[in-house]
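Engineer: Structure below; questions to follow.
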Amino acid sequence: MSDFVADLVKKVKPSATIAVSMKAAELKRAGKDVIGLGAGEPDFDTPDHIKSAAIEAIQEGKTKYTAVDGTPELKQAIMGKLLRENHVGYQANEIIVSCGAKHSISNLLNAVINPNDEVIIPTPYWVSYPDMTLLAGGESVIVETSIENDFKLTATQLEQAITSNTRLVMLNSPSNPTGKAYTADELKDLGDVLVKYPQVLVATDDIYEHIYWGDEPLANLVALLPELKDRAIIINGVSKAYAMTGWRIGYAAGPETIITAMRKIQSQSTSNPCSISQAAAKAALNGPQDCLVTMREAFKQRHDYLVKALNDLPGIQCSVGNGAFYAFPDVTKVIDQLENVDDDVALSTWLLEQAGVAVVPGTPFGAPGYIRLSFATSIDVLQEAIQRIEDALKPFVTD
């Protein structure tokens, strides 16, 4: 049979995080004892008041199409959240609700990218940014950061990366996979650069905003530099903060012209997000927020345990994060000492086969020599995973 798959799609890599989760699930079904630390979703259940709102919406017959860009009620809740928590004001025509934050980012890229436009993406990046850029017809400009500057893009690096073709800068804070968040001063420095280049848009992926335990309040670029508001797009959603990954509700806030273009694209692809999920998301944003504190405290406890435990293992070095639910250790010394393990991809396979622990290699995040471990699971599970990794490494690896 002829190959009917488009050439562009052949260039796209499958999501590494989803692939690891699927492989772990496959091995579990086959009877293998596997601990999965690859998934990027909270292990908590969706809070009861949110589930109740969805049940009520079903019982009230709210099962029809909604406006393509979201119900007025949910958009009002998003506007209230942004003003209350981020100190930035938006109108309803500057908000779009999509089928997850990932969908919002995809809509944005397809709305603003022309062929050969460049998107600046700092490493380590969320695995989907470059491939979504590719699908939108753009070119990724990958800017390497280092552990020495906490894996954050500097103002100097940003200015050096900007060209006449630069269309968009992607920022993610707190970061997947590093767990690092930009300080207000760091964001201000980046914003001061962007102010000088009026042709450049900036997208802030804030999906891990509420999973943050830094010493200072989490900063928002638009609040810090209001002069960037007419070319900044805030991306967020309810998946991570409210343990609602399967509900698929994300949103974007930005200039009306861009949001209108995103709505046009969405109208020809998915149409509106699920009506019941929108009712649940409204309850999440408007309802009691104590669930956020409970989950954040648990993630912080797990982070503190896991980072220390990883640093106690031979050949592994892991820096401290202040958000999200990932540890991102340097494993180059382990790779150097294991036979037939030449990179982080091979090491991830080795850990799955030898220790029964599923992790995600750093290469798909633009950071070879690292692995990502999710601590969106219990302390007991993390302790068992560390013990398995230690037992597997001990005969072969030393500090």
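We label chains A, B, ... in the order they appear in the structure tokens, count residues from 1 in each chain, and number ligands from 1 in the order shown.
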Extract, using only C-alpha atoms, all DNA, RNA and protein residues at most 10 Å from Asp189 in chain A, discarding same-chain residues fewer than 5 positions from it, and format them as a ChimeraX atom specification.
Structural biologist: /A:154-156,158,183-184,194
Engineer: Those residues you just picked out, can you put them in a file as a PDB file, in the first residue's frame with N, CA and C atoms?
Structural biologist:
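This went into result.pdb:
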```pdb
ATOM      1  N   THR A 154      18.646  33.627  30.151  1.00  0.00           N
ATOM      2  CA  THR A 154      19.089  34.935  30.621  1.00  0.00           C
ATOM      3  C   THR A 154      18.742  36.006  29.587  1.00  0.00           C
ATOM      4  N   ALA A 155      18.752  37.241  30.042  1.00  0.00           N
ATOM      5  CA  ALA A 155      18.462  38.359  29.144  1.00  0.00           C
ATOM      6  C   ALA A 155      19.471  38.426  28.002  1.00  0.00           C
ATOM      7  N   THR A 156      20.737  38.154  28.311  1.00  0.00           N
ATOM      8  CA  THR A 156      21.777  38.171  27.271  1.00  0.00           C
ATOM      9  C   THR A 156      21.516  37.093  26.229  1.00  0.00           C
ATOM     10  N   LEU A 158      18.654  35.722  25.488  1.00  0.00           N
ATOM     11  CA  LEU A 158      17.458  36.068  24.729  1.00  0.00           C
ATOM     12  C   LEU A 158      17.789  37.081  23.636  1.00  0.00           C
ATOM     13  N   THR A 183      12.332  34.219  38.900  1.00  0.00           N
ATOM     14  CA  THR A 183      12.041  35.253  39.888  1.00  0.00           C
ATOM     15  C   THR A 183      11.503  36.492  39.177  1.00  0.00           C
ATOM     16  N   ALA A 184      10.960  37.422  39.961  1.00  0.00           N
ATOM     17  CA  ALA A 184      10.462  38.663  39.381  1.00  0.00           C
ATOM     18  C   ALA A 184      11.583  39.428  38.690  1.00  0.00           C
ATOM     19  N   LEU A 194      12.513  42.215  25.623  1.00  0.00           N
ATOM     20  CA  LEU A 194      11.386  42.092  24.703  1.00  0.00           C
ATOM     21  C   LEU A 194      10.778  43.444  24.354  1.00  0.00           C
TER      22      LEU A 194
END
```
Engineer: List the neighbours of range 24-28 of chain A out to 10 Å using only C-alpha atoms; skip same-chain residues closer than 2 positions along the sequence, and give me the result as a PyMOL selection string.
Structural biologist: chain A and resi 18-22+30-39+352+356-359
Engineer: Output all heavy atoms of each residue in that selection to a file, as a compact mmCIF listing (two decimals), in the first residue's frame.
Structural biologist:
```txt
# COMPACT_ATOMS: atom_id res chain seq x y z
N ILE A 18 4.24 10.54 27.15
CA ILE A 18 3.12 9.62 26.92
C ILE A 18 3.64 8.25 26.56
O ILE A 18 3.11 7.22 27.01
CB ILE A 18 2.19 10.18 25.82
CG1 ILE A 18 1.50 11.46 26.31
CG2 ILE A 18 1.15 9.14 25.42
CD1 ILE A 18 0.66 12.15 25.26
N ALA A 19 4.71 8.19 25.77
CA ALA A 19 5.28 6.90 25.37
C ALA A 19 5.77 6.11 26.57
O ALA A 19 5.55 4.89 26.66
CB ALA A 19 6.42 7.13 24.38
N VAL A 20 6.42 6.78 27.52
CA VAL A 20 6.91 6.09 28.72
C VAL A 20 5.74 5.57 29.54
O VAL A 20 5.77 4.43 30.03
CB VAL A 20 7.80 7.03 29.55
CG1 VAL A 20 8.06 6.45 30.94
CG2 VAL A 20 9.11 7.30 28.84
N SER A 21 4.73 6.39 29.72
CA SER A 21 3.56 5.97 30.50
C SER A 21 2.88 4.77 29.86
O SER A 21 2.46 3.83 30.54
CB SER A 21 2.58 7.14 30.65
OG SER A 21 3.16 8.19 31.37
N MET A 22 2.77 4.80 28.53
CA MET A 22 2.15 3.68 27.82
C MET A 22 2.98 2.41 27.94
O MET A 22 2.45 1.31 28.12
CB MET A 22 1.94 4.05 26.35
CG MET A 22 0.87 5.11 26.13
SD MET A 22 0.69 5.58 24.38
CE MET A 22 0.17 4.01 23.67
N ALA A 30 1.25 -6.94 31.39
CA ALA A 30 1.91 -8.23 31.11
C ALA A 30 2.39 -8.91 32.38
O ALA A 30 3.00 -9.98 32.32
CB ALA A 30 3.09 -8.00 30.17
N GLY A 31 2.13 -8.28 33.54
CA GLY A 31 2.48 -8.90 34.81
C GLY A 31 3.78 -8.46 35.42
O GLY A 31 4.18 -8.96 36.48
N LYS A 32 4.49 -7.51 34.80
CA LYS A 32 5.76 -7.04 35.35
C LYS A 32 5.50 -5.98 36.41
O LYS A 32 4.63 -5.12 36.26
CB LYS A 32 6.64 -6.45 34.24
CG LYS A 32 8.05 -6.07 34.72
CD LYS A 32 8.95 -5.67 33.57
CE LYS A 32 10.32 -5.21 34.06
NZ LYS A 32 11.06 -6.25 34.78
N ASP A 33 6.25 -6.06 37.49
CA ASP A 33 6.12 -5.10 38.59
C ASP A 33 6.88 -3.83 38.22
O ASP A 33 8.11 -3.77 38.32
CB ASP A 33 6.68 -5.72 39.87
CG ASP A 33 6.52 -4.81 41.08
OD1 ASP A 33 5.75 -3.84 40.97
OD2 ASP A 33 7.17 -5.07 42.10
N VAL A 34 6.16 -2.80 37.80
CA VAL A 34 6.77 -1.57 37.33
C VAL A 34 6.25 -0.39 38.14
O VAL A 34 5.04 -0.27 38.37
CB VAL A 34 6.48 -1.33 35.83
CG1 VAL A 34 6.98 0.04 35.39
CG2 VAL A 34 7.10 -2.41 34.98
N ILE A 35 7.16 0.47 38.57
CA ILE A 35 6.78 1.73 39.19
C ILE A 35 6.92 2.82 38.13
O ILE A 35 8.00 3.05 37.59
CB ILE A 35 7.69 2.06 40.39
CG1 ILE A 35 7.48 1.03 41.51
CG2 ILE A 35 7.40 3.47 40.92
CD1 ILE A 35 8.41 1.23 42.69
N GLY A 36 5.83 3.49 37.82
CA GLY A 36 5.84 4.51 36.79
C GLY A 36 6.06 5.90 37.36
O GLY A 36 5.21 6.41 38.09
N LEU A 37 7.21 6.49 37.02
CA LEU A 37 7.50 7.86 37.43
C LEU A 37 7.59 8.77 36.21
O LEU A 37 8.32 9.75 36.20
CB LEU A 37 8.81 7.92 38.23
CG LEU A 37 8.86 7.09 39.52
CD1 LEU A 37 10.18 7.30 40.24
CD2 LEU A 37 7.69 7.43 40.44
N GLY A 38 6.84 8.41 35.17
CA GLY A 38 6.88 9.18 33.95
C GLY A 38 5.70 10.12 33.77
O GLY A 38 5.79 11.12 33.08
N ALA A 39 4.58 9.81 34.41
CA ALA A 39 3.35 10.56 34.15
C ALA A 39 3.41 11.97 34.69
O ALA A 39 3.90 12.21 35.79
CB ALA A 39 2.15 9.82 34.74
N LEU A 352 14.21 0.70 33.46
CA LEU A 352 12.93 0.02 33.33
C LEU A 352 13.11 -1.50 33.39
O LEU A 352 12.37 -2.21 34.09
CB LEU A 352 12.25 0.42 32.02
CG LEU A 352 10.86 -0.15 31.75
CD1 LEU A 352 9.88 0.24 32.85
CD2 LEU A 352 10.34 0.32 30.40
N GLY A 356 12.82 -1.92 37.19
CA GLY A 356 11.36 -1.86 37.16
C GLY A 356 10.84 -0.48 37.49
O GLY A 356 9.75 -0.32 38.05
N VAL A 357 11.61 0.55 37.11
CA VAL A 357 11.21 1.94 37.35
C VAL A 357 11.19 2.68 36.02
O VAL A 357 12.20 2.71 35.31
CB VAL A 357 12.16 2.65 38.34
CG1 VAL A 357 11.75 4.11 38.51
CG2 VAL A 357 12.18 1.94 39.68
N ALA A 358 10.06 3.27 35.69
CA ALA A 358 9.91 4.00 34.43
C ALA A 358 10.17 5.48 34.66
O ALA A 358 9.48 6.13 35.46
CB ALA A 358 8.52 3.80 33.86
N VAL A 359 11.18 6.03 33.98
CA VAL A 359 11.50 7.46 34.00
C VAL A 359 11.54 7.95 32.56
O VAL A 359 11.51 7.15 31.62
CB VAL A 359 12.85 7.73 34.70
CG1 VAL A 359 12.84 7.19 36.13
CG2 VAL A 359 14.01 7.12 33.91
```
Engineer: Env of range 65-67 of chain A: 8 Å cut, atoms = only C-alpha atoms, seq-sep filter 6 positions within chain, self excluded. Answer as number ranges by chain.
Structural biologist: A: 272-273, 275
Engineer: Write the residues of the preceding selection, restricted to N, CA and C atoms, as an mmCIF file, in the first residue's frame.
Structural biologist:
```cif
data_model
loop_
_atom_site.group_PDB
_atom_site.id
_atom_site.type_symbol
_atom_site.label_atom_id
_atom_site.label_comp_id
_atom_site.auth_asym_id
_atom_site.auth_seq_id
_atom_site.Cartn_x
_atom_site.Cartn_y
_atom_site.Cartn_z
ATOM 1 N N ASN A 272 -16.186 23.775 20.570
ATOM 2 C CA ASN A 272 -16.064 24.111 21.990
ATOM 3 C C ASN A 272 -15.482 22.967 22.819
ATOM 4 N N PRO A 273 -14.842 23.286 23.946
ATOM 5 C CA PRO A 273 -14.457 22.241 24.893
ATOM 6 C C PRO A 273 -15.714 21.622 25.511
ATOM 7 N N SER A 275 -18.781 20.754 27.505
ATOM 8 C CA SER A 275 -19.638 21.644 28.291
ATOM 9 C C SER A 275 -19.618 21.285 29.775
#
```
Engineer: Please return as a list in words: the residues of range 223-368 of chain A that backbone DSSP assigns to strand (DSSP E).
Structural biologist: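 Those residues are Ala232, Ile233, Ile234, Ile235, Asn236, Gly237, Gly250, Tyr251, Ala252, Ala253, Tyr326, Ala327, Val357, Ala358, Val360 and Pro361 of chain A.
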Engineer: Write down as an MDAnalysis selection string the residues belonging to range 19-100 of chain A that are assigned helix (DSSP H, G or I) by DSSP computed on the backbone.
Structural biologist: chainID A and resid 19:29 48:59 72:86 92:94
Engineer: For Gln199 in chain A, list every protein, DNA or RNA residue within 7 Å, evaluated using only C-alpha atoms, and leave out those in the same chain fewer than 2 positions away; present the list as a count of residues only.
Structural biologist: 3
Engineer: Counting only C-alpha atoms, give me one row per residue of range 103-177 of chain A with an atom at most 10 Å from an atom of range 243-255 of chain A, showing the shortest contact pair and its distance in Å to one decimal, sorted by chain then residue number, as JSON lines.
Structural biologist:
```
{"residue": "A:His103", "atom": "CA", "partner": "A:Gly250", "partner_atom": "CA", "distance": 7.4}
{"residue": "A:Ser104", "atom": "CA", "partner": "A:Tyr251", "partner_atom": "CA", "distance": 6.0}
{"residue": "A:Ile105", "atom": "CA", "partner": "A:Ala252", "partner_atom": "CA", "distance": 8.1}
{"residue": "A:Asn107", "atom": "CA", "partner": "A:Ala252", "partner_atom": "CA", "distance": 9.5}
{"residue": "A:Leu108", "atom": "CA", "partner": "A:Ala252", "partner_atom": "CA", "distance": 8.6}
```
Engineer: Using C-alpha atoms, can you export the residues from the last selection as an mmCIF file, in the first residue's frame?
Structural biologist:
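This is the output file result11.cif:
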```cif
data_model
loop_
_atom_site.group_PDB
_atom_site.id
_atom_site.type_symbol
_atom_site.label_atom_id
_atom_site.label_comp_id
_atom_site.auth_asym_id
_atom_site.auth_seq_id
_atom_site.Cartn_x
_atom_site.Cartn_y
_atom_site.Cartn_z
ATOM 1 C CA HIS A 103 -4.558 22.826 22.796
ATOM 2 C CA SER A 104 -4.305 26.532 23.638
ATOM 3 C CA ILE A 105 -0.593 26.517 22.769
ATOM 4 C CA ASN A 107 -3.985 27.181 18.609
ATOM 5 C CA LEU A 108 -1.638 30.055 19.400
#
```
Engineer: How close does range 55-144 of chain A get to range 285-295 of chain A? List, as JSON lines, each residue of range 55-144 of chain A within 9 Å, its nearest atom pair and the distance in Å to one decimal, counting only C-alpha atoms.
Structural biologist:
```
{"residue": "A:Leu74", "atom": "CA", "partner": "A:Leu285", "partner_atom": "CA", "distance": 8.6}
{"residue": "A:Ala77", "atom": "CA", "partner": "A:Leu285", "partner_atom": "CA", "distance": 6.2}
{"residue": "A:Ile78", "atom": "CA", "partner": "A:Leu285", "partner_atom": "CA", "distance": 7.1}
{"residue": "A:Gly80", "atom": "CA", "partner": "A:Asn286", "partner_atom": "CA", "distance": 8.4}
{"residue": "A:Lys81", "atom": "CA", "partner": "A:Leu285", "partner_atom": "CA", "distance": 6.7}
```
Engineer: Let's have the selection written as a PDB file, in the first residue's frame, with C-alpha atoms.
Structural biologist:
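The resulting file, result-v3.pdb, is reproduced below:
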```pdb
ATOM      1  CA  LEU A  74     -16.265  30.188  32.683  1.00  0.00           C
ATOM      2  CA  ALA A  77     -14.300  33.001  36.226  1.00  0.00           C
ATOM      3  CA  ILE A  78     -11.002  33.077  34.295  1.00  0.00           C
ATOM      4  CA  GLY A  80     -11.682  36.981  37.877  1.00  0.00           C
ATOM      5  CA  LYS A  81      -8.840  34.567  38.553  1.00  0.00           C
TER       6      LYS A  81
END
```
Engineer: At a cut-off of 10 Å, using only C-alpha atoms, what residues contact range 378-382 of chain A? Leave out same-chain residues fewer than 6 positions from it and give the result as a VMD selection string.
Structural biologist: chain A and resid 35 to 37 43 to 44 298 to 299 301 to 303 305 to 306 309 388
Engineer: Next, the residues of the selection above should be written as a compact mmCIF listing (two decimals), in the first residue's frame with N, CA and C atoms.
Structural biologist:
```txt
# COMPACT_ATOMS: atom_id res chain seq x y z
N ILE A 35 7.16 0.47 38.57
CA ILE A 35 6.78 1.73 39.19
C ILE A 35 6.92 2.82 38.13
N GLY A 36 5.83 3.49 37.82
CA GLY A 36 5.84 4.51 36.79
C GLY A 36 6.06 5.90 37.36
N LEU A 37 7.21 6.49 37.02
CA LEU A 37 7.50 7.86 37.43
C LEU A 37 7.59 8.77 36.21
N ASP A 43 -1.58 12.64 41.36
CA ASP A 43 -2.19 11.38 41.78
C ASP A 43 -3.42 11.62 42.65
N PHE A 44 -3.74 12.88 42.95
CA PHE A 44 -4.92 13.19 43.74
C PHE A 44 -6.18 13.07 42.90
N ALA A 298 1.85 18.54 49.87
CA ALA A 298 2.25 17.15 49.61
C ALA A 298 3.36 17.09 48.56
N PHE A 299 3.22 17.87 47.50
CA PHE A 299 4.26 17.88 46.45
C PHE A 299 5.59 18.39 47.00
N GLN A 301 6.68 18.13 50.10
CA GLN A 301 7.23 17.06 50.93
C GLN A 301 7.89 15.99 50.06
N ARG A 302 7.22 15.62 48.99
CA ARG A 302 7.76 14.59 48.09
C ARG A 302 9.03 15.10 47.39
N HIS A 303 8.98 16.37 46.97
CA HIS A 303 10.16 16.97 46.34
C HIS A 303 11.37 16.88 47.27
N TYR A 305 11.98 14.95 49.78
CA TYR A 305 12.47 13.57 49.95
C TYR A 305 13.22 13.11 48.71
N LEU A 306 12.61 13.29 47.54
CA LEU A 306 13.17 12.70 46.33
C LEU A 306 14.50 13.34 45.95
N ALA A 309 17.13 12.00 48.26
CA ALA A 309 17.37 10.58 48.00
C ALA A 309 18.16 10.38 46.71
N ARG A 388 14.86 0.49 44.56
CA ARG A 388 15.10 -0.33 43.36
C ARG A 388 16.24 0.24 42.52
```
Engineer: Skip Asp330 in chain A itself and residues of its chain fewer than 3 positions away, then list as a ChimeraX atom specification all residues within 8 Å of it, counting only C-alpha atoms.
Structural biologist: /A:316-318,333,369-371
Engineer: Output N, CA and C atoms for every residue in the selection just made, as an mmCIF file, in the first residue's frame.
Structural biologist:
```cif
data_model
loop_
_atom_site.group_PDB
_atom_site.id
_atom_site.type_symbol
_atom_site.label_atom_id
_atom_site.label_comp_id
_atom_site.auth_asym_id
_atom_site.auth_seq_id
_atom_site.Cartn_x
_atom_site.Cartn_y
_atom_site.Cartn_z
ATOM 1 N N ILE A 316 24.653 10.268 40.760
ATOM 2 C CA ILE A 316 23.501 11.102 40.414
ATOM 3 C C ILE A 316 23.584 12.429 41.155
ATOM 4 N N GLN A 317 23.315 13.515 40.437
ATOM 5 C CA GLN A 317 23.272 14.851 41.028
ATOM 6 C C GLN A 317 21.964 15.520 40.648
ATOM 7 N N CYS A 318 21.259 16.025 41.649
ATOM 8 C CA CYS A 318 19.954 16.631 41.387
ATOM 9 C C CYS A 318 19.850 17.963 42.104
ATOM 10 N N LYS A 333 27.339 10.664 35.022
ATOM 11 C CA LYS A 333 28.310 9.773 35.673
ATOM 12 C C LYS A 333 27.823 8.330 35.673
ATOM 13 N N GLY A 369 21.688 13.594 28.943
ATOM 14 C CA GLY A 369 22.452 13.386 30.164
ATOM 15 C C GLY A 369 21.632 13.547 31.428
ATOM 16 N N TYR A 370 20.336 13.817 31.266
ATOM 17 C CA TYR A 370 19.429 13.961 32.399
ATOM 18 C C TYR A 370 18.273 12.971 32.256
ATOM 19 N N ILE A 371 17.561 12.755 33.348
ATOM 20 C CA ILE A 371 16.304 12.018 33.307
ATOM 21 C C ILE A 371 15.278 12.786 34.132
#
```
Engineer: Tell me which of A:Asn322, A:Thr270, A:Gln387, A:Asn340 sits closest to Asp69 in chain A, counting only C-alpha atoms.
Structural biologist: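 Residue with the minimum atom-to-atom distance to Asp69 in chain A: A:Thr270.
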Engineer: Could you tell me how far CA of Ser277 in chain A lies from CA of Arg263 in chain A, in Å and to one decimal?
Structural biologist: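 About the pair CA of Ser277 in chain A and CA of Arg263 in chain A: they are 18.4 Å apart.
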Engineer: Using only C-alpha atoms, pick whichever of A:Val127, A:Ile121, A:Leu134, A:Ile58 has the shortest atom-to-atom distance to Ala280 in chain A.
Structural biologist: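 Nearest to Ala280 in chain A: A:Ile58.
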Engineer: Nearest to Tyr90 in chain A: which of A:Glu139, A:Asp304, A:Glu256, A:Asp7 is it, counting only C-alpha atoms?
Structural biologist: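 Checking each candidate against Tyr90 in chain A, we get A:Glu256 as the closest.
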Engineer: For the atom pair CA of Ser267 in chain A and CA of Leu221 in chain A, what is the interatomic distance in Å to one decimal place?
Structural biologist: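 Those two atoms sit 29.1 Å apart.
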Engineer: Report, in Å to a single decimal, how far apart CA of Ala232 in chain A and CA of Ile162 in chain A are.
Structural biologist: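 Distance between the two atoms: 16.2 Å.
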